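Next comes target_13.cif, with mmCIF, C-alpha atoms and all ligand atoms.
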data_coords
loop_
_atom_site.label_atom_id
_atom_site.label_comp_id
_atom_site.auth_asym_id
_atom_site.auth_seq_id
_atom_site.Cartn_x
_atom_site.Cartn_y
_atom_site.Cartn_z
CA MET A 1 0.20 22.86 8.62
CA ILE A 2 3.14 20.95 7.15
CA LEU A 3 4.87 19.10 9.96
CA ASP A 4 8.02 17.41 8.81
CA PRO A 5 9.21 14.97 11.46
CA MET A 6 11.62 13.51 8.87
CA GLU A 7 13.75 16.66 9.13
CA LYS A 8 15.02 15.51 12.51
CA THR A 9 15.66 11.88 11.75
CA GLY A 10 16.39 11.71 8.01
CA LYS A 11 14.89 8.28 7.63
CA ALA A 12 11.23 7.81 8.58
CA THR A 13 10.55 5.07 11.09
CA THR A 14 7.36 3.53 12.40
CA GLN A 15 7.63 6.09 15.24
CA THR A 16 7.53 8.89 12.66
CA ILE A 17 4.29 7.47 11.28
CA LEU A 18 2.83 7.03 14.78
CA GLN A 19 3.74 10.60 15.74
CA LEU A 20 1.89 12.00 12.75
CA LYS A 21 -1.45 10.88 14.21
CA ASN A 22 -3.27 13.96 15.52
CA ASN A 23 -0.62 16.21 13.90
CA ARG A 24 -1.20 16.05 10.18
CA PRO A 25 -2.49 13.51 7.63
CA ILE A 26 -0.02 10.79 6.59
CA VAL A 27 0.75 10.67 2.86
CA SER A 28 1.37 7.29 1.31
CA VAL A 29 1.56 5.82 -2.19
CA THR A 30 2.44 2.48 -3.67
CA ALA A 31 5.60 1.88 -5.70
CA TYR A 32 6.97 -1.30 -7.19
CA ASP A 33 10.18 -0.20 -8.92
CA PHE A 34 13.33 1.85 -8.38
CA LEU A 35 12.35 4.88 -10.51
CA THR A 36 8.84 5.36 -9.12
CA ALA A 37 10.19 4.98 -5.57
CA LYS A 38 12.83 7.63 -6.30
CA ILE A 39 10.21 10.07 -7.62
CA ALA A 40 7.72 9.40 -4.77
CA ASN A 41 10.51 9.90 -2.26
CA ALA A 42 11.57 13.15 -3.93
CA ALA A 43 7.95 14.30 -3.46
CA GLN A 44 8.46 13.64 0.28
CA VAL A 45 5.69 11.16 0.87
CA ASP A 46 5.76 9.65 4.36
CA MET A 47 5.35 6.01 3.44
CA ILE A 48 5.85 3.88 0.32
CA LEU A 49 3.94 0.61 0.14
CA VAL A 50 5.29 -2.10 -2.13
CA GLY A 51 1.79 -3.51 -2.48
CA ASP A 52 0.78 -6.84 -3.94
CA SER A 53 -1.31 -4.58 -6.21
CA VAL A 54 1.84 -4.91 -8.36
CA GLY A 55 0.06 -8.02 -9.66
CA THR A 56 -2.86 -6.13 -11.19
CA THR A 57 -1.15 -2.82 -11.97
CA HIS A 58 2.17 -3.98 -13.45
CA LEU A 59 2.14 -7.75 -13.98
CA GLY A 60 -1.18 -8.09 -15.81
CA PHE A 61 -2.91 -10.45 -13.36
CA ASP A 62 -6.68 -10.20 -12.77
CA SER A 63 -6.23 -10.07 -8.98
CA THR A 64 -3.47 -9.98 -6.37
CA VAL A 65 -3.88 -13.72 -5.70
CA PRO A 66 -1.15 -14.96 -8.11
CA VAL A 67 1.50 -12.70 -6.55
CA THR A 68 4.17 -14.77 -4.76
CA LEU A 69 6.70 -14.05 -2.05
CA ASP A 70 9.50 -14.28 -4.67
CA MET A 71 7.79 -11.56 -6.74
CA MET A 72 7.26 -9.38 -3.67
CA THR A 73 10.90 -9.77 -2.60
CA HIS A 74 12.06 -8.76 -6.10
CA HIS A 75 9.88 -5.62 -6.15
CA CYS A 76 10.67 -4.67 -2.54
CA ARG A 77 14.40 -4.77 -3.33
CA ALA A 78 13.89 -2.65 -6.46
CA VAL A 79 12.14 0.00 -4.33
CA THR A 80 14.63 -0.07 -1.45
CA ARG A 81 17.55 0.33 -3.91
CA ALA A 82 16.22 3.90 -4.30
CA LYS A 83 17.12 4.37 -0.60
CA PRO A 84 13.91 6.23 0.23
CA SER A 85 13.79 8.31 3.40
CA ALA A 86 10.07 7.43 3.42
CA LEU A 87 9.15 4.35 5.43
CA VAL A 88 9.04 1.38 3.03
CA VAL A 89 6.46 -1.31 3.76
CA GLY A 90 6.37 -4.64 1.90
CA ASP A 91 3.12 -6.55 1.42
CA ILE A 92 2.87 -10.18 2.54
CA PRO A 93 1.17 -11.89 -0.42
CA PHE A 94 -1.74 -14.32 -0.72
CA GLY A 95 -1.52 -17.59 1.19
CA GLU A 96 1.41 -16.72 3.47
CA MET A 97 -0.78 -15.80 6.48
CA ALA A 98 -2.52 -19.20 6.25
CA LYS A 99 0.75 -21.06 6.85
CA SER A 100 2.33 -22.09 10.15
CA SER A 101 3.53 -19.30 12.42
CA ASP A 102 7.18 -20.23 11.70
CA SER A 103 6.55 -19.91 7.95
CA ILE A 104 4.87 -16.53 8.45
CA VAL A 105 7.85 -15.26 10.45
CA GLU A 106 10.15 -16.62 7.72
CA ALA A 107 8.16 -14.83 4.96
CA CYS A 108 8.28 -11.52 6.86
CA CYS A 109 12.01 -11.92 7.58
CA ARG A 110 12.60 -12.51 3.87
CA LEU A 111 10.96 -9.18 2.93
CA ILE A 112 12.95 -7.42 5.67
CA GLN A 113 16.33 -9.09 5.05
CA GLU A 114 16.30 -9.67 1.26
CA GLY A 115 13.76 -7.02 0.24
CA GLN A 116 15.24 -4.64 2.80
CA VAL A 117 11.88 -3.07 3.65
CA ASP A 118 11.36 -1.31 6.97
CA ALA A 119 8.07 -3.06 7.82
CA VAL A 120 5.55 -5.55 6.46
CA LYS A 121 1.83 -5.26 5.77
CA VAL A 122 -0.62 -8.09 6.40
CA GLU A 123 -4.28 -8.39 5.49
CA ALA A 124 -5.59 -9.49 8.88
CA SER A 125 -8.43 -9.90 11.36
CA PHE A 126 -8.59 -10.27 15.14
CA GLU A 127 -7.80 -13.98 14.64
CA ASP A 128 -4.31 -13.02 13.42
CA ALA A 129 -3.49 -11.09 16.61
CA PRO A 130 -1.36 -13.91 18.14
CA ILE A 131 0.88 -14.20 15.05
CA ILE A 132 1.20 -10.42 14.82
CA GLU A 133 2.33 -10.39 18.46
CA LYS A 134 4.94 -13.01 17.55
CA LEU A 135 6.15 -10.95 14.57
CA VAL A 136 6.45 -7.78 16.63
CA LYS A 137 8.29 -9.70 19.37
CA ALA A 138 10.70 -10.93 16.68
CA GLY A 139 11.42 -7.27 15.79
CA ILE A 140 9.25 -7.07 12.68
CA PRO A 141 7.16 -3.88 12.44
CA VAL A 142 3.66 -4.72 11.19
CA LEU A 143 1.07 -2.60 9.39
CA GLY A 144 -2.34 -4.28 9.51
CA HIS A 145 -4.88 -4.09 6.67
CA ILE A 146 -8.63 -4.23 7.43
CA GLY A 147 -11.89 -3.65 5.57
CA LEU A 148 -11.84 -4.87 2.00
CA LEU A 149 -9.08 -7.47 1.82
CA PRO A 150 -8.23 -7.92 -1.89
CA GLN A 151 -6.57 -11.31 -1.22
CA THR A 152 -10.02 -12.70 -0.30
CA VAL A 153 -11.67 -11.58 -3.56
CA GLN A 154 -12.22 -15.19 -4.66
CA VAL A 155 -14.35 -15.74 -1.54
CA LEU A 156 -15.96 -12.29 -1.59
CA GLY A 157 -16.92 -12.49 -5.26
CA LYS A 158 -16.36 -8.79 -5.90
CA TYR A 159 -14.85 -5.68 -4.33
CA ARG A 160 -17.35 -3.79 -2.19
CA LYS A 161 -17.71 -1.30 0.65
CA PHE A 162 -17.45 -2.52 4.27
CA GLY A 163 -18.87 -1.20 7.56
CA LYS A 164 -22.30 -0.03 6.47
CA VAL A 165 -24.21 -2.50 8.68
CA LYS A 166 -23.96 -3.03 12.45
CA GLY A 167 -22.49 -6.56 12.33
CA GLU A 168 -19.70 -5.48 10.01
CA GLN A 169 -19.07 -2.32 12.03
CA GLU A 170 -18.60 -4.37 15.21
CA GLN A 171 -16.32 -6.79 13.35
CA LEU A 172 -14.17 -3.94 12.02
CA LEU A 173 -13.86 -2.38 15.48
CA LYS A 174 -12.93 -5.76 16.98
CA ASP A 175 -10.30 -6.33 14.26
CA ALA A 176 -8.85 -2.83 14.61
CA ILE A 177 -8.54 -2.97 18.40
CA ALA A 178 -7.10 -6.51 18.37
CA LEU A 179 -4.47 -5.59 15.76
CA GLU A 180 -3.54 -2.44 17.69
CA SER A 181 -3.21 -4.48 20.92
CA ALA A 182 -1.09 -7.06 19.09
CA GLY A 183 1.44 -4.32 18.30
CA CYS A 184 0.66 -3.04 14.79
CA PHE A 185 2.15 0.44 14.35
CA GLY A 186 -0.69 1.43 12.04
CA LEU A 187 -3.56 0.11 9.96
CA ILE A 188 -4.60 0.44 6.34
CA GLY A 189 -8.38 0.65 6.02
CA GLU A 190 -9.73 -0.16 2.56
CA MET A 191 -13.24 0.69 1.32
CA ILE A 192 -14.71 1.24 4.80
CA ASP A 193 -17.81 3.40 5.16
CA ALA A 194 -16.67 7.00 5.78
CA ASP A 195 -18.71 7.51 8.98
CA TRP A 196 -17.50 4.24 10.49
CA THR A 197 -13.93 5.10 9.47
CA LYS A 198 -14.27 8.26 11.54
CA ARG A 199 -15.31 6.21 14.56
CA LEU A 200 -12.45 3.73 14.07
CA THR A 201 -9.95 6.58 13.75
CA GLN A 202 -11.20 8.04 17.04
CA GLU A 203 -11.03 4.68 18.84
CA LEU A 204 -7.47 3.88 17.75
CA LYS A 205 -4.22 5.21 19.20
CA ILE A 206 -2.36 4.07 16.07
CA PRO A 207 -2.97 5.75 12.71
CA LEU A 208 -5.61 4.47 10.32
CA ILE A 209 -4.55 5.20 6.74
CA GLY A 210 -7.45 4.98 4.34
CA ILE A 211 -8.06 4.07 0.73
CA GLY A 212 -11.63 4.64 -0.39
CA CYS A 213 -12.61 5.43 3.24
CA GLY A 214 -13.28 9.17 2.94
CA PRO A 215 -11.49 12.09 4.58
CA ALA A 216 -11.75 11.25 8.30
CA CYS A 217 -8.74 8.90 8.61
CA ASP A 218 -5.23 9.72 9.83
CA GLY A 219 -3.85 9.61 6.30
CA GLN A 220 -4.43 8.51 2.74
CA ILE A 221 -2.87 5.92 0.48
CA LEU A 222 -3.42 5.56 -3.26
CA VAL A 223 -2.14 3.08 -5.81
CA SER A 224 0.41 5.13 -7.76
CA SER A 225 -0.65 3.97 -11.24
CA ASP A 226 -4.23 5.07 -10.40
CA LEU A 227 -3.32 8.56 -9.25
CA LEU A 228 -0.87 8.97 -12.15
CA GLY A 229 -3.39 7.82 -14.79
CA LEU A 230 -0.89 5.26 -16.13
CA ASP A 231 -3.30 2.72 -17.60
CA LEU A 232 -4.85 3.80 -20.90
CA ASP A 233 -7.72 1.28 -20.69
CA GLN A 234 -8.45 0.67 -17.03
CA LYS A 235 -10.75 3.10 -15.23
CA PRO A 236 -9.57 3.52 -11.61
CA PRO A 237 -12.04 3.05 -8.72
CA SER A 238 -14.46 5.98 -8.24
CA PHE A 239 -12.78 7.18 -5.00
CA VAL A 240 -9.47 7.80 -6.82
CA LYS A 241 -8.42 11.28 -7.88
CA VAL A 242 -6.41 11.00 -11.10
CA TYR A 243 -3.77 13.73 -10.74
CA ASP A 244 -2.30 13.36 -14.23
CA LYS A 245 -2.64 11.36 -17.42
CA ILE A 246 0.88 9.94 -17.55
CA GLY A 247 -0.25 6.98 -19.70
CA GLU A 248 -1.33 9.37 -22.45
CA GLN A 249 1.94 11.31 -22.17
CA ILE A 250 4.00 8.12 -22.51
CA HIS A 251 1.86 7.00 -25.44
CA SER A 252 2.32 10.30 -27.24
CA ALA A 253 6.13 10.19 -26.69
CA PHE A 254 6.27 6.64 -28.16
CA VAL A 255 4.15 7.70 -31.16
CA GLN A 256 6.39 10.73 -31.79
CA TYR A 257 9.52 8.54 -31.56
CA ARG A 258 8.00 5.95 -33.93
CA ASP A 259 7.15 8.64 -36.50
CA GLU A 260 10.55 10.30 -36.28
CA VAL A 261 12.37 6.99 -36.81
CA ILE A 262 10.14 6.07 -39.78
CA ASN A 263 10.53 9.55 -41.30
CA ARG A 264 14.30 9.54 -40.64
CA ASN A 265 13.98 12.60 -38.38
CA PHE A 266 15.67 10.70 -35.55
CA PRO A 267 18.60 10.37 -35.21
CA LYS A 268 19.82 13.51 -36.99
O1 LIG B 1 -1.49 -3.75 -2.45
C1 LIG B 1 -1.86 -2.58 -2.30
O2 LIG B 1 -1.56 -1.69 -3.09
C2 LIG B 1 -2.67 -2.26 -1.15
C3 LIG B 1 -3.31 -0.90 -1.12
C4 LIG B 1 -4.61 -0.98 -1.82
C5 LIG B 1 -3.44 -0.38 0.25
O3 LIG B 1 -2.87 -3.07 -0.29
#
Could I get this file's structure written as structure tokens?
Ligand code: KIV
Amino acid sequence: MILDPMEKTGKATTQTILQLKNNRPIVSVTAYDFLTAKIANAAQVDMILVGDSVGTTHLGFDSTVPVTLDMMTHHCRAVTRAKPSALVVGDIPFGEMAKSSDSIVEACCRLIQEGQVDAVKVEASFEDAPIIEKLVKAGIPVLGHIGLLPQTVQVLGKYRKFGKVKGEQEQLLKDAIALESAGCFGLIGEMIDADWTKRLTQELKIPLIGIGCGPACDGQILVSSDLLGLDLDQKPPSFVKVYDKIGEQIHSAFVQYRDEVINRNFPK
């Protein structure tokens, strides 16, 4: 069943995303630039995330930790210049959520006002519920992010699956419910055990959009460069389906161009 709530409204809102729960799976991808956002939007995805994964996928960092609010604002604005009808969510980068509540509100306002995104995403736990309430009260739509939180990789040591053991399952449920109660319009779940994801999805009234969480969530999100096969060297995580090998296509076009210039076949 293809339900298209965007037909009525033109521009997707957080309500559009909420209404998709229990109707059909939500489709979301990341984008960090004008062209990719234009193409993703033409493919009628529901939500575009300007993720801090821009750091590892496009800026050459080893993790998302070096990504700053200035960088995020720049990439958010590049995406929103494409005027997507999909909901555009901007990621709050490393360190911002550890600041004072006024600074956090300021950071979110910057992505909304300068980056012109429709909503912000925060890696969060139940402890962040009070600040999320404050953000929502200030008119800032918030997408929470639970499970594997890439901004904590320096503490975690490595990326891994969450929610396999009872203690972690209880923690995830507590986080999810607290973030929902604080006013999040949805949650991203990353690398959560598939069975526990199913339970979380059933417990929540808001949608849980998964990455590496199996099929039982309310939607899926993938990092666009992973699903496009953009990186010639980097193998994407095992849960990713690589839909094309765009990196190889770009490489072959560059090689052909190089040869034609050297052989004086271009320009004619
Ligand atoms: O930054 C990002 O791309 C993300 C996704 C992995 C959900 O947070």
Item to check | Env. residues ligand LIG 1 (chain B) / 7 Å / all atoms listed in the file / as a PyMOL selection string | outcome: chain A and resi 30+49-54+91+188+190+211+221-223
Checklist entry - Could you tell me, as number ranges by chain, which residues have any atom at most 12 Å from (12.3, 5.6, 11.6), counting all atoms listed in the file? => result A: 5-19, 46-47, 84-89, 117-119, 141, 185
Checklist entry - Which one of A:Val240, A:Val65, A:Leu187, A:Leu228 sits closest to Ile26 in chain A if you count all atoms listed in the file? => result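 Distance minimum relative to Ile26 in chain A lands on A:Leu187.
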Checklist entry - Smallest atom-to-atom distance to Ile209 in chain A: which of A:Gln154, A:Gln113, A:Gln249, A:Gly144, using all atoms listed in the file? => result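 For Ile209 in chain A, the nearest of the given residues is A:Gly144.
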Checklist entry - Got a sec: who's within 9 Å of Phe94 in chain A, counting all atoms listed in the file, leaving out chain neighbours fewer than 2 positions off, as a list in words? => result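 Skipping anything fewer than 2 positions along the chain leaves Asp52, Thr64, Val65, Pro66, Val67, Thr68, Leu69, Ile92, Glu96, Met97, Ala98, Glu123, Gln151 and Thr152 of chain A.
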Checklist entry - Quick one: distance from CA of Val165 in chain A to CA of Lys235 in chain A in Å, one decimal? => result 28.0 Å
Checklist entry - Residues at most 12 Å from Glu127 in chain A, counting only C-alpha atoms, excluding those fewer than 3 positions away in the same chain, as a list in words? => result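 Once the nearby chain positions are removed, what remains is Met97, Ala98, Glu123, Ala124, Pro130, Ile131, Ile132, Glu133, Gln171, Lys174, Asp175, Ala176, Ile177, Ala178, Leu179 and Ala182 of chain A.
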Residues of the last selection are to be written out with C-alpha atoms, as an mmCIF file, in the frame of the given file.
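After the write, selection38.cif holds the following:
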data_model
loop_
_atom_site.group_PDB
_atom_site.id
_atom_site.type_symbol
_atom_site.label_atom_id
_atom_site.label_comp_id
_atom_site.auth_asym_id
_atom_site.auth_seq_id
_atom_site.Cartn_x
_atom_site.Cartn_y
_atom_site.Cartn_z
ATOM 1 C CA MET A 97 -0.780 -15.800 6.480
ATOM 2 C CA ALA A 98 -2.520 -19.200 6.250
ATOM 3 C CA GLU A 123 -4.280 -8.390 5.490
ATOM 4 C CA ALA A 124 -5.590 -9.490 8.880
ATOM 5 C CA PRO A 130 -1.360 -13.910 18.140
ATOM 6 C CA ILE A 131 0.880 -14.200 15.050
ATOM 7 C CA ILE A 132 1.200 -10.420 14.820
ATOM 8 C CA GLU A 133 2.330 -10.390 18.460
ATOM 9 C CA GLN A 171 -16.320 -6.790 13.350
ATOM 10 C CA LYS A 174 -12.930 -5.760 16.980
ATOM 11 C CA ASP A 175 -10.300 -6.330 14.260
ATOM 12 C CA ALA A 176 -8.850 -2.830 14.610
ATOM 13 C CA ILE A 177 -8.540 -2.970 18.400
ATOM 14 C CA ALA A 178 -7.100 -6.510 18.370
ATOM 15 C CA LEU A 179 -4.470 -5.590 15.760
ATOM 16 C CA ALA A 182 -1.090 -7.060 19.090
#
